[in-house]
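A.B. asks: Structure supplied as target-v2.csv; contents: CSV, C-alpha atoms.
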chain,number,residue,atom,x,y,z
D,1,MET,CA,30.5,3.9,5.9
D,2,ASN,CA,30.0,5.6,2.5
D,3,SER,CA,29.9,9.4,3.1
D,4,ALA,CA,26.9,9.7,0.7
D,5,PHE,CA,24.8,8.0,3.4
D,6,GLN,CA,25.9,10.6,6.0
D,7,THR,CA,24.2,13.4,4.1
D,8,THR,CA,20.5,14.4,4.1
D,9,PRO,CA,18.8,11.4,2.3
D,10,LEU,CA,17.4,11.9,-1.1
D,11,VAL,CA,14.4,9.7,-0.3
D,12,SER,CA,12.8,8.4,2.9
D,13,VAL,CA,11.4,4.9,2.6
D,14,ILE,CA,8.5,4.2,5.0
D,15,VAL,CA,7.6,0.5,5.6
D,16,VAL,CA,4.8,-0.4,8.0
D,17,ALA,CA,5.0,-3.9,9.6
D,18,ALA,CA,2.2,-5.7,11.4
D,19,ASP,CA,3.2,-9.4,11.9
D,20,SER,CA,4.4,-9.2,8.3
D,21,GLY,CA,6.5,-12.4,8.5
D,22,PRO,CA,9.9,-13.2,7.1
D,23,THR,CA,9.4,-11.2,3.9
D,24,LEU,CA,10.0,-8.1,6.0
D,25,ARG,CA,13.6,-9.1,6.4
D,26,GLU,CA,14.0,-9.4,2.6
D,27,CYS,CA,12.2,-6.1,2.0
D,28,VAL,CA,14.6,-4.3,4.4
D,29,ARG,CA,17.6,-6.0,2.9
D,30,ARG,CA,16.7,-5.0,-0.6
D,31,VAL,CA,16.1,-1.4,0.4
D,32,MET,CA,19.4,-1.3,2.2
D,33,GLU,CA,21.2,-2.6,-0.9
D,34,CYS,CA,20.1,0.5,-2.9
D,35,THR,CA,23.0,2.8,-3.5
D,36,LEU,CA,21.1,6.1,-3.6
D,37,PRO,CA,21.2,8.2,-0.4
D,38,LEU,CA,18.2,7.1,1.6
D,39,GLU,CA,16.8,6.4,5.0
D,40,LEU,CA,14.4,3.5,5.9
D,41,ILE,CA,11.8,4.2,8.6
D,42,LEU,CA,10.3,1.0,9.7
D,43,VAL,CA,7.1,1.5,11.6
D,44,ASP,CA,6.0,-1.5,13.7
D,45,ASN,CA,2.2,-1.7,14.4
D,46,GLY,CA,2.5,-3.9,17.5
D,47,SER,CA,3.9,-7.0,15.8
D,48,SER,CA,4.1,-10.2,18.0
D,49,ASP,CA,6.5,-12.1,15.7
D,50,GLY,CA,9.6,-10.3,17.0
D,51,ILE,CA,11.0,-9.7,13.5
D,52,PRO,CA,11.2,-5.8,13.7
D,53,GLN,CA,13.1,-6.1,16.9
D,54,ALA,CA,15.4,-8.7,15.4
D,55,ILE,CA,16.1,-6.5,12.4
D,56,GLU,CA,16.9,-3.6,14.7
D,57,ARG,CA,19.4,-5.7,16.7
D,58,ALA,CA,21.0,-7.1,13.6
D,59,MET,CA,21.4,-3.6,12.0
D,60,GLN,CA,22.1,-1.5,15.1
D,61,GLN,CA,25.2,0.0,13.4
D,62,GLU,CA,23.1,1.0,10.3
D,63,SER,CA,22.5,4.7,10.6
D,64,ARG,CA,20.1,4.7,7.7
D,65,LEU,CA,17.6,2.5,9.5
D,66,ARG,CA,15.2,3.8,12.2
D,67,LEU,CA,12.5,1.9,14.0
D,68,VAL,CA,9.3,3.4,15.2
D,69,TYR,CA,7.3,1.3,17.7
D,70,ASN,CA,3.6,2.0,18.0
D,71,HIS,CA,2.9,-0.9,20.5
D,72,ALA,CA,-0.5,-1.4,18.9
D,73,ASN,CA,-2.0,-1.8,15.5
D,74,LEU,CA,-3.0,1.7,14.6
D,75,GLY,CA,-3.8,0.9,10.9
D,76,PHE,CA,-1.8,1.5,7.8
D,77,GLY,CA,-2.4,5.2,7.2
D,78,PRO,CA,-1.9,6.3,10.7
D,79,ALA,CA,1.4,4.4,10.9
D,80,VAL,CA,2.6,5.9,7.6
D,81,ASN,CA,1.7,9.4,8.9
D,82,ARG,CA,3.8,8.8,12.0
D,83,GLY,CA,6.7,7.6,9.9
D,84,ALA,CA,6.5,10.6,7.6
D,85,ALA,CA,6.6,12.9,10.6
D,86,GLN,CA,10.1,11.7,11.3
D,87,ALA,CA,11.3,11.6,7.6
D,88,ARG,CA,14.2,13.9,6.6
D,89,ALA,CA,14.0,13.7,2.8
D,90,ASP,CA,12.0,15.8,0.4
D,91,VAL,CA,10.7,12.6,-1.3
D,92,LEU,CA,8.7,9.8,0.5
D,93,LEU,CA,8.5,6.2,-0.8
D,94,ILE,CA,5.7,4.3,0.9
D,95,LEU,CA,6.5,0.6,0.5
D,96,ASN,CA,4.7,-2.5,1.7
D,97,PRO,CA,6.8,-5.0,3.7
D,98,ASP,CA,6.3,-7.7,1.1
D,99,CYS,CA,7.5,-5.5,-1.8
D,100,MET,CA,11.0,-6.1,-3.1
D,101,LEU,CA,12.5,-2.8,-4.3
D,102,ASP,CA,15.8,-2.6,-6.3
D,103,ASP,CA,18.1,0.3,-7.0
D,104,ALA,CA,17.2,0.6,-10.7
D,105,SER,CA,13.5,0.8,-9.9
D,106,LEU,CA,14.0,3.5,-7.3
D,107,ARG,CA,16.1,5.5,-9.7
D,108,ARG,CA,13.5,5.2,-12.4
D,109,LEU,CA,10.7,6.4,-10.1
D,110,LEU,CA,12.8,9.4,-9.0
D,111,ASP,CA,13.6,10.2,-12.7
D,112,LEU,CA,9.8,10.2,-13.4
D,113,LEU,CA,9.1,12.5,-10.5
D,114,LYS,CA,11.7,14.9,-11.8
D,115,ALA,CA,10.3,14.8,-15.3
D,116,HIS,CA,6.8,15.6,-14.2
D,117,PRO,CA,6.8,18.5,-11.7
D,118,LYS,CA,3.0,18.3,-11.2
D,119,ALA,CA,3.2,14.6,-10.1
D,120,GLY,CA,1.7,14.1,-6.7
D,121,VAL,CA,1.7,10.3,-6.5
D,122,ILE,CA,3.7,7.8,-8.6
D,123,GLY,CA,3.1,4.1,-8.5
D,124,ALA,CA,4.7,1.0,-10.0
D,125,VAL,CA,3.3,-2.2,-11.5
D,126,VAL,CA,3.4,-4.6,-8.6
D,127,CYS,CA,3.5,-8.2,-9.6
D,128,ASP,CA,3.3,-11.7,-8.0
D,129,GLU,CA,6.1,-14.3,-8.0
D,130,GLN,CA,5.0,-15.4,-11.6
D,131,GLY,CA,5.3,-11.8,-12.9
D,132,ARG,CA,1.5,-11.3,-13.2
D,133,PRO,CA,0.6,-7.7,-12.6
D,134,ASP,CA,-1.9,-6.8,-9.8
D,135,ARG,CA,-4.8,-5.1,-11.4
D,136,ALA,CA,-4.9,-2.7,-8.4
D,137,ALA,CA,-1.7,-1.1,-9.7
D,138,TYR,CA,-3.8,0.8,-12.3
D,139,ARG,CA,-7.3,1.7,-11.3
D,140,ARG,CA,-10.1,4.1,-11.7
D,141,ASP,CA,-12.1,5.7,-8.9
D,142,PRO,CA,-14.6,3.1,-7.7
D,143,TYR,CA,-17.8,5.0,-8.4
D,144,LEU,CA,-21.0,3.0,-7.9
D,145,ALA,CA,-22.0,3.6,-11.6
D,146,ARG,CA,-18.6,2.2,-12.7
D,147,ALA,CA,-19.0,-0.8,-10.5
D,148,LEU,CA,-22.5,-1.5,-12.0
D,149,ARG,CA,-21.0,-1.2,-15.5
D,150,SER,CA,-18.3,-3.7,-14.6
D,151,LEU,CA,-20.9,-6.1,-13.2
D,152,LEU,CA,-23.0,-5.8,-16.4
D,153,GLY,CA,-20.0,-5.8,-18.8
D,154,GLN,CA,-21.1,-2.5,-20.3
D,155,GLY,CA,-18.7,0.4,-20.8
D,156,GLU,CA,-15.9,1.8,-18.6
D,157,GLY,CA,-15.8,0.0,-15.3
D,158,VAL,CA,-13.6,0.2,-12.2
D,159,ASN,CA,-10.8,-2.1,-13.5
D,160,ILE,CA,-8.8,-1.0,-16.6
D,161,ASP,CA,-8.9,-3.9,-19.0
D,162,GLY,CA,-6.2,-5.1,-21.3
D,163,GLU,CA,-2.4,-5.3,-20.9
D,164,MET,CA,-0.7,-3.3,-18.2
D,165,PRO,CA,1.0,-0.3,-19.7
D,166,ALA,CA,4.7,-0.7,-20.5
D,167,GLU,CA,5.5,3.0,-20.2
D,168,PRO,CA,4.5,5.8,-17.8
D,169,VAL,CA,0.9,6.8,-18.0
D,170,ARG,CA,-1.5,9.1,-16.1
D,171,ALA,CA,-3.8,7.2,-13.8
D,172,GLU,CA,-6.7,7.9,-11.4
D,173,ALA,CA,-5.3,5.6,-8.7
D,174,VAL,CA,-2.3,3.4,-8.1
D,175,SER,CA,-1.6,0.7,-5.5
D,176,GLY,CA,-0.7,1.7,-2.0
D,177,ALA,CA,1.9,-1.1,-2.0
D,178,LEU,CA,4.3,1.4,-3.5
D,179,MET,CA,3.7,5.1,-3.7
D,180,LEU,CA,6.4,7.8,-4.3
D,181,MET,CA,5.4,11.3,-3.3
D,182,PRO,CA,7.0,14.7,-2.9
D,183,ARG,CA,7.1,15.5,0.8
D,184,VAL,CA,5.4,18.8,0.2
D,185,VAL,CA,2.4,17.1,-1.4
D,186,PHE,CA,2.1,14.6,1.4
D,187,ASP,CA,2.1,17.4,3.9
D,188,ARG,CA,-0.3,19.6,2.0
D,189,LEU,CA,-2.8,16.6,1.9
D,190,LYS,CA,-2.1,16.0,5.6
D,191,GLY,CA,-1.1,12.5,4.8
D,192,PHE,CA,-3.4,9.5,4.8
D,193,ASP,CA,-7.0,9.9,6.1
D,194,GLU,CA,-6.7,8.1,9.5
D,195,GLU,CA,-10.3,7.1,9.5
D,196,TYR,CA,-9.3,4.3,7.2
D,197,PHE,CA,-7.7,1.4,9.0
D,198,LEU,CA,-6.6,-0.8,6.1
D,199,HIS,CA,-7.6,-0.7,2.4
D,200,CYS,CA,-9.0,2.1,0.3
D,201,GLU,CA,-6.8,4.7,1.9
D,202,ASP,CA,-4.6,4.6,-1.2
D,203,LEU,CA,-7.6,5.3,-3.4
D,204,ASP,CA,-8.5,8.2,-1.1
D,205,LEU,CA,-5.0,9.7,-1.2
D,206,CYS,CA,-4.9,9.5,-5.0
D,207,ARG,CA,-8.3,11.2,-5.3
D,208,ARG,CA,-7.3,14.0,-2.9
D,209,ALA,CA,-4.1,14.5,-4.7
D,210,ARG,CA,-5.9,14.9,-8.0
D,211,ASP,CA,-8.5,17.2,-6.4
D,212,ALA,CA,-5.7,19.4,-5.2
D,213,GLY,CA,-4.3,19.8,-8.7
D,214,TYR,CA,-1.6,17.1,-8.7
D,215,GLN,CA,-1.2,14.3,-11.2
D,216,VAL,CA,-1.1,10.6,-10.4
D,217,TRP,CA,1.2,8.5,-12.6
D,218,LEU,CA,1.8,4.8,-13.0
D,219,ALA,CA,5.4,3.9,-14.0
D,220,GLY,CA,4.4,1.2,-16.4
D,221,ASP,CA,8.1,0.3,-17.0
D,222,VAL,CA,8.8,-0.3,-13.3
D,223,ARG,CA,7.8,-3.8,-12.1
D,224,VAL,CA,8.2,-4.7,-8.4
D,225,LEU,CA,7.6,-8.0,-6.8
D,226,HIS,CA,4.7,-7.9,-4.3
D,227,GLY,CA,4.2,-11.0,-2.3
D,228,LYS,CA,0.8,-10.3,-0.6
D,229,GLY,CA,1.9,-10.3,3.1
D,230,GLY,CA,1.4,-12.7,6.0
D,231,SER,CA,-0.6,-10.3,8.1
D,232,SER,CA,-3.5,-10.5,5.6
D,233,ARG,CA,-3.3,-14.3,5.3
D,234,HIS,CA,-3.6,-15.2,8.9
D,235,ARG,CA,-6.4,-12.6,9.7
D,236,PRO,CA,-8.6,-12.7,6.6
D,237,VAL,CA,-11.9,-11.8,8.3
D,238,PHE,CA,-10.2,-8.9,10.2
D,239,VAL,CA,-8.7,-7.6,6.9
D,240,SER,CA,-11.9,-8.1,5.0
D,241,TRP,CA,-13.9,-6.2,7.7
D,242,HIS,CA,-11.6,-3.1,7.3
D,243,LYS,CA,-11.6,-3.4,3.5
D,244,HIS,CA,-15.4,-3.2,3.4
D,245,ARG,CA,-15.4,-0.4,6.0
D,246,GLY,CA,-12.9,1.5,3.7
D,247,MET,CA,-15.1,1.0,0.7
D,248,TRP,CA,-18.1,2.5,2.6
D,249,ARG,CA,-16.0,5.5,3.7
D,250,TRP,CA,-14.7,6.2,0.2
D,251,PHE,CA,-18.2,6.0,-1.2
D,252,ARG,CA,-19.5,8.4,1.4
D,253,LYS,CA,-16.7,10.9,0.8
D,254,PHE,CA,-16.4,11.0,-3.0
D,255,ASP,CA,-19.3,9.3,-4.9
D,256,PRO,CA,-22.1,11.6,-6.0
D,257,ALA,CA,-24.5,8.6,-5.6
D,258,ALA,CA,-24.0,9.0,-1.8
D,259,ARG,CA,-26.2,12.1,-1.9
D,260,ASN,CA,-29.2,9.9,-2.6
D,261,PRO,CA,-30.3,8.4,0.8
D,262,LEU,CA,-32.0,5.4,-0.9
D,263,LEU,CA,-28.9,4.6,-3.0
D,264,SER,CA,-26.7,5.0,0.1
D,265,ALA,CA,-28.9,2.5,2.0
D,266,VAL,CA,-28.7,0.0,-0.9
D,267,VAL,CA,-24.9,0.4,-1.1
D,268,TRP,CA,-24.4,0.0,2.7
D,269,LEU,CA,-26.5,-3.2,2.6
D,270,GLY,CA,-24.6,-4.5,-0.4
D,271,ILE,CA,-21.2,-3.9,1.1
D,272,TRP,CA,-21.9,-5.6,4.4
D,273,THR,CA,-23.9,-8.5,2.8
D,274,HIS,CA,-20.8,-9.1,0.6
D,275,PHE,CA,-18.6,-9.1,3.7
D,276,LEU,CA,-20.8,-11.6,5.4
D,277,LEU,CA,-21.0,-13.9,2.4
D,278,LYS,CA,-17.2,-14.0,2.2
D,279,ILE,CA,-16.6,-15.1,5.8
D,280,PRO,CA,-17.3,-18.9,5.3
D,281,GLY,CA,-14.8,-19.2,2.4
D,282,GLN,CA,-12.2,-17.2,4.3
D,283,TRP,CA,-12.4,-19.4,7.4
D,284,LEU,CA,-12.3,-22.5,5.2
D,285,ARG,CA,-9.1,-21.3,3.4
D,286,LEU,CA,-7.6,-20.4,6.8
D,287,LEU,CA,-8.3,-23.9,8.2
D,288,ARG,CA,-6.8,-25.5,5.1
D,289,ARG,CA,-3.5,-23.5,5.5
D,290,ARG,CA,-3.1,-24.6,9.1
D,291,PRO,CA,-0.6,-27.5,9.5
D,292,ALA,CA,-2.0,-30.8,10.6
D,293,PRO,CA,-1.2,-31.9,14.1
D,294,ALA,CA,1.8,-34.2,14.4
D,295,ALA,CA,0.9,-37.9,14.9
D,296,SER,CA,1.9,-39.2,18.3
D,297,ASP,CA,3.7,-42.5,18.8
D,298,ALA,CA,1.6,-45.4,20.0
Mind turning this structure into structure tokens?
C.D. replies:
Amino acid sequence: MNSAFQTTPLVSVIVVAADSGPTLRECVRRVMECTLPLELILVDNGSSDGIPQAIERAMQQESRLRLVYNHANLGFGPAVNRGAAQARADVLLILNPDCMLDDASLRRLLDLLKAHPKAGVIGAVVCDEQGRPDRAAYRRDPYLARALRSLLGQGEGVNIDGEMPAEPVRAEAVSGALMLMPRVVFDRLKGFDEEYFLHCEDLDLCRRARDAGYQVWLAGDVRVLHGKGGSSRHRPVFVSWHKHRGMWRWFRKFDPAARNPLLSAVVWLGIWTHFLLKIPGQWLRLLRRRPAPAASDA
């Protein structure tokens, strides 16, 4: 084995799996192909597909890989926190199991971190298979006032319109699908808020980093494939429930409008009405994706 990998790693990559499907194997393979000294901490949130165990068996001689089994789905943030507690490097890279990292992208992210000592969180432009950027890669804080402006098409909204930047830029929030952080910043913030289960915890972490005096950066010149994982596709209502729950928590923590009881009641009603209205379409799409039963011989 290359002696570089026997030293203290330069970066600890943390991947959380929860029935993430075959893309998890490819994600792990891509990370392991990186030539920088790293370790990969794969945190399994009670998967039933057997893929994390299969990866562990296939790579049992790989000292850079460690598996953490939670035996239950603790949620994304709590799982990352448990992985980070075992990390040895001074830099953490939080990576979704459907994100395909490469060596050049990792080196560029680390260069950007070195160039900006006040950086607390660095994200990348995550893209689909056609190269289309996910708008969640470059966001503003989702204040109620901004959401209303977006709805009315008046002024600065939540989404940042136009072309995705092609160079590093300051941001309010980046996607939790890929987040590079100095370990000291992650520890100072006490990691992810574990009251979130799934969704909006990345917005929360970026906001708390900025409130603590750190900068959030988007590496506009780093494009990473993000496949939108299987765990979301086969449990759309479960995922939607926690997304709306996360939206409500972020609003209560950070939005000045939450101080108004009447506005809070209206937002609460709007969030959960939106959740209920989405359920029929989610069930219908799930039914369409299920394979038709095989025809039996007469």
A.B. asks: Just the residues within 12 Å of Leu93 in chain D, please, counting all atoms listed in the file, with nothing from its chain fewer than 6 positions along; format it as a CSV table (one decimal) with C-alpha atoms, in the coordinates of the input.
C.D. replies:
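Generated file (result_4.csv):
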chain,number,residue,atom,x,y,z
D,9,PRO,CA,18.8,11.4,2.3
D,10,LEU,CA,17.4,11.9,-1.1
D,11,VAL,CA,14.4,9.7,-0.3
D,12,SER,CA,12.8,8.4,2.9
D,13,VAL,CA,11.4,4.9,2.6
D,14,ILE,CA,8.5,4.2,5.0
D,15,VAL,CA,7.6,0.5,5.6
D,16,VAL,CA,4.8,-0.4,8.0
D,31,VAL,CA,16.1,-1.4,0.4
D,38,LEU,CA,18.2,7.1,1.6
D,39,GLU,CA,16.8,6.4,5.0
D,40,LEU,CA,14.4,3.5,5.9
D,41,ILE,CA,11.8,4.2,8.6
D,42,LEU,CA,10.3,1.0,9.7
D,80,VAL,CA,2.6,5.9,7.6
D,83,GLY,CA,6.7,7.6,9.9
D,84,ALA,CA,6.5,10.6,7.6
D,87,ALA,CA,11.3,11.6,7.6
D,99,CYS,CA,7.5,-5.5,-1.8
D,101,LEU,CA,12.5,-2.8,-4.3
D,105,SER,CA,13.5,0.8,-9.9
D,106,LEU,CA,14.0,3.5,-7.3
D,107,ARG,CA,16.1,5.5,-9.7
D,109,LEU,CA,10.7,6.4,-10.1
D,110,LEU,CA,12.8,9.4,-9.0
D,113,LEU,CA,9.1,12.5,-10.5
D,120,GLY,CA,1.7,14.1,-6.7
D,121,VAL,CA,1.7,10.3,-6.5
D,122,ILE,CA,3.7,7.8,-8.6
D,123,GLY,CA,3.1,4.1,-8.5
D,124,ALA,CA,4.7,1.0,-10.0
D,176,GLY,CA,-0.7,1.7,-2.0
D,177,ALA,CA,1.9,-1.1,-2.0
D,178,LEU,CA,4.3,1.4,-3.5
D,179,MET,CA,3.7,5.1,-3.7
D,180,LEU,CA,6.4,7.8,-4.3
D,181,MET,CA,5.4,11.3,-3.3
D,182,PRO,CA,7.0,14.7,-2.9
D,183,ARG,CA,7.1,15.5,0.8
D,186,PHE,CA,2.1,14.6,1.4
A.B. asks: Write out as a CSV table (one decimal) with C-alpha atoms, keeping the file's coordinate frame each polymer residue whose atoms come within 6 Å of Pro168 in chain D, counting only C-alpha atoms; drop sequence neighbours fewer than 3 positions from it.
C.D. replies:
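The resulting result33.csv:
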chain,number,residue,atom,x,y,z
D,218,LEU,CA,1.8,4.8,-13.0
D,219,ALA,CA,5.4,3.9,-14.0
D,220,GLY,CA,4.4,1.2,-16.4
A.B. asks: Using all atoms listed in the file, find the one residue out of D:Leu284, D:Ala258, D:Val239, D:Leu67 that sits nearest to Leu198 in chain D.
C.D. replies: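 Closest to Leu198 in chain D, using all atoms listed in the file: D:Val239.
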A.B. asks: Which one of D:Pro117, D:Pro236, D:Gly191, D:Gly157 sits closest to Leu92 in chain D if you count all atoms listed in the file?
C.D. replies: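 Ranked by minimum distance to Leu92 in chain D, first place goes to D:Gly191.
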A.B. asks: Can you tell me which residues surround Leu189 in chain D at a distance of at most 12 Å, considering only C-alpha atoms, apart from same-chain residues fewer than 6 positions away, and format the answer as a PDB file with C-alpha atoms, in the frame of the given file?
C.D. replies:
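Written output follows (selection00.pdb):
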ATOM      1  CA  ASN D  81       1.700   9.400   8.900  1.00  0.00           C
ATOM      2  CA  GLY D 120       1.700  14.100  -6.700  1.00  0.00           C
ATOM      3  CA  VAL D 121       1.700  10.300  -6.500  1.00  0.00           C
ATOM      4  CA  MET D 181       5.400  11.300  -3.300  1.00  0.00           C
ATOM      5  CA  PRO D 182       7.000  14.700  -2.900  1.00  0.00           C
ATOM      6  CA  ARG D 183       7.100  15.500   0.800  1.00  0.00           C
ATOM      7  CA  ASP D 204      -8.500   8.200  -1.100  1.00  0.00           C
ATOM      8  CA  LEU D 205      -5.000   9.700  -1.200  1.00  0.00           C
ATOM      9  CA  CYS D 206      -4.900   9.500  -5.000  1.00  0.00           C
ATOM     10  CA  ARG D 207      -8.300  11.200  -5.300  1.00  0.00           C
ATOM     11  CA  ARG D 208      -7.300  14.000  -2.900  1.00  0.00           C
ATOM     12  CA  ALA D 209      -4.100  14.500  -4.700  1.00  0.00           C
ATOM     13  CA  ARG D 210      -5.900  14.900  -8.000  1.00  0.00           C
ATOM     14  CA  ASP D 211      -8.500  17.200  -6.400  1.00  0.00           C
ATOM     15  CA  ALA D 212      -5.700  19.400  -5.200  1.00  0.00           C
ATOM     16  CA  GLY D 213      -4.300  19.800  -8.700  1.00  0.00           C
ATOM     17  CA  TYR D 214      -1.600  17.100  -8.700  1.00  0.00           C
TER      18      TYR D 214
END
A.B. asks: What is the CA of Arg139 in chain D-CA of Ile279 in chain D distance in Å, reported with one decimal?
C.D. replies: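 Straight-line distance from CA of Arg139 in chain D to CA of Ile279 in chain D works out to 25.7 Å.
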A.B. asks: Interatomic distance between CA of Arg288 in chain D and CA of Asp134 in chain D?
C.D. replies: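 CA of Asp134 in chain D lies 24.4 Å from CA of Arg288 in chain D.
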A.B. asks: Please, what distance in Å, to one decimal, runs between CA of Gln154 in chain D and CA of Trp241 in chain D?
C.D. replies: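 Pair CA of Gln154 in chain D / CA of Trp241 in chain D returns 29.1 Å.
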A.B. asks: Using all atoms listed in the file, collect all residues at a distance of at most 9 Å from (10.7, -12.1, 9.9) as written in the file, then present them as a list in words.
C.D. replies: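 Neighbouring residues, ordered by chain and number, come to Asp19, Ser20, Gly21, Pro22, Thr23, Leu24, Arg25, Glu26, Asp49, Gly50, Ile51, Pro52, Ala54 and Ile55 of chain D.
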A.B. asks: When you count all atoms listed in the file, which of these residues is closest to Asn96 in chain D: D:Val43, D:Ala115, D:Leu277, D:Ala147?
C.D. replies: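 With all atoms listed in the file as the atom set, the closest residue is D:Val43.
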A.B. asks: Taking all atoms listed in the file into account, which of D:Pro37, D:Gly162, D:Gly75, D:Pro280 comes nearest Cys200 in chain D?
C.D. replies: D:Gly75
A.B. asks: Can you pull out every residue within 8 Å of range 141-146 of chain D, counting only C-alpha atoms, but drop anything in the same chain fewer than 6 positions away, and send it as a list in words?
C.D. replies: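 Within the cut-off, the hits are Glu156, Gly157, Val158, Glu172, Ala173, Leu203, Arg207, Phe251, Asp255 and Ala257 of chain D.
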A.B. asks: Could you write out as JSON the box around range 206-209 of chain D (axis-aligned, all atoms listed in the file, 6 Å on each side), with centre and edge lengths in Å to one decimal?
C.D. replies:
{"center_x": -6.2, "center_y": 12.0, "center_z": -4.1, "size_x": 16.2, "size_y": 17.0, "size_z": 14.4}
A.B. asks: Please provide the set of residues having any atom within 7 Å of Arg223 in chain D, restricted to all atoms listed in the file, with same-chain residues fewer than 5 positions apart removed, written as a ChimeraX atom specification.
C.D. replies: /D:124-127
A.B. asks: When you count only C-alpha atoms, which of these residues is closest to Ile271 in chain D: D:Met247, D:Val185, D:Ile94, D:Met164?
C.D. replies: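 Comparing D:Met247, D:Val185, D:Ile94, D:Met164 against Ile271 in chain D, the winner is D:Met247.
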A.B. asks: I'd like to know which of D:Ser63, D:Gln215, D:Thr8, D:Thr35 is closest to Arg88 in chain D, using all atoms listed in the file.
C.D. replies: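 When distances to Arg88 in chain D are compared using all atoms listed in the file, the smallest one comes from D:Thr8.
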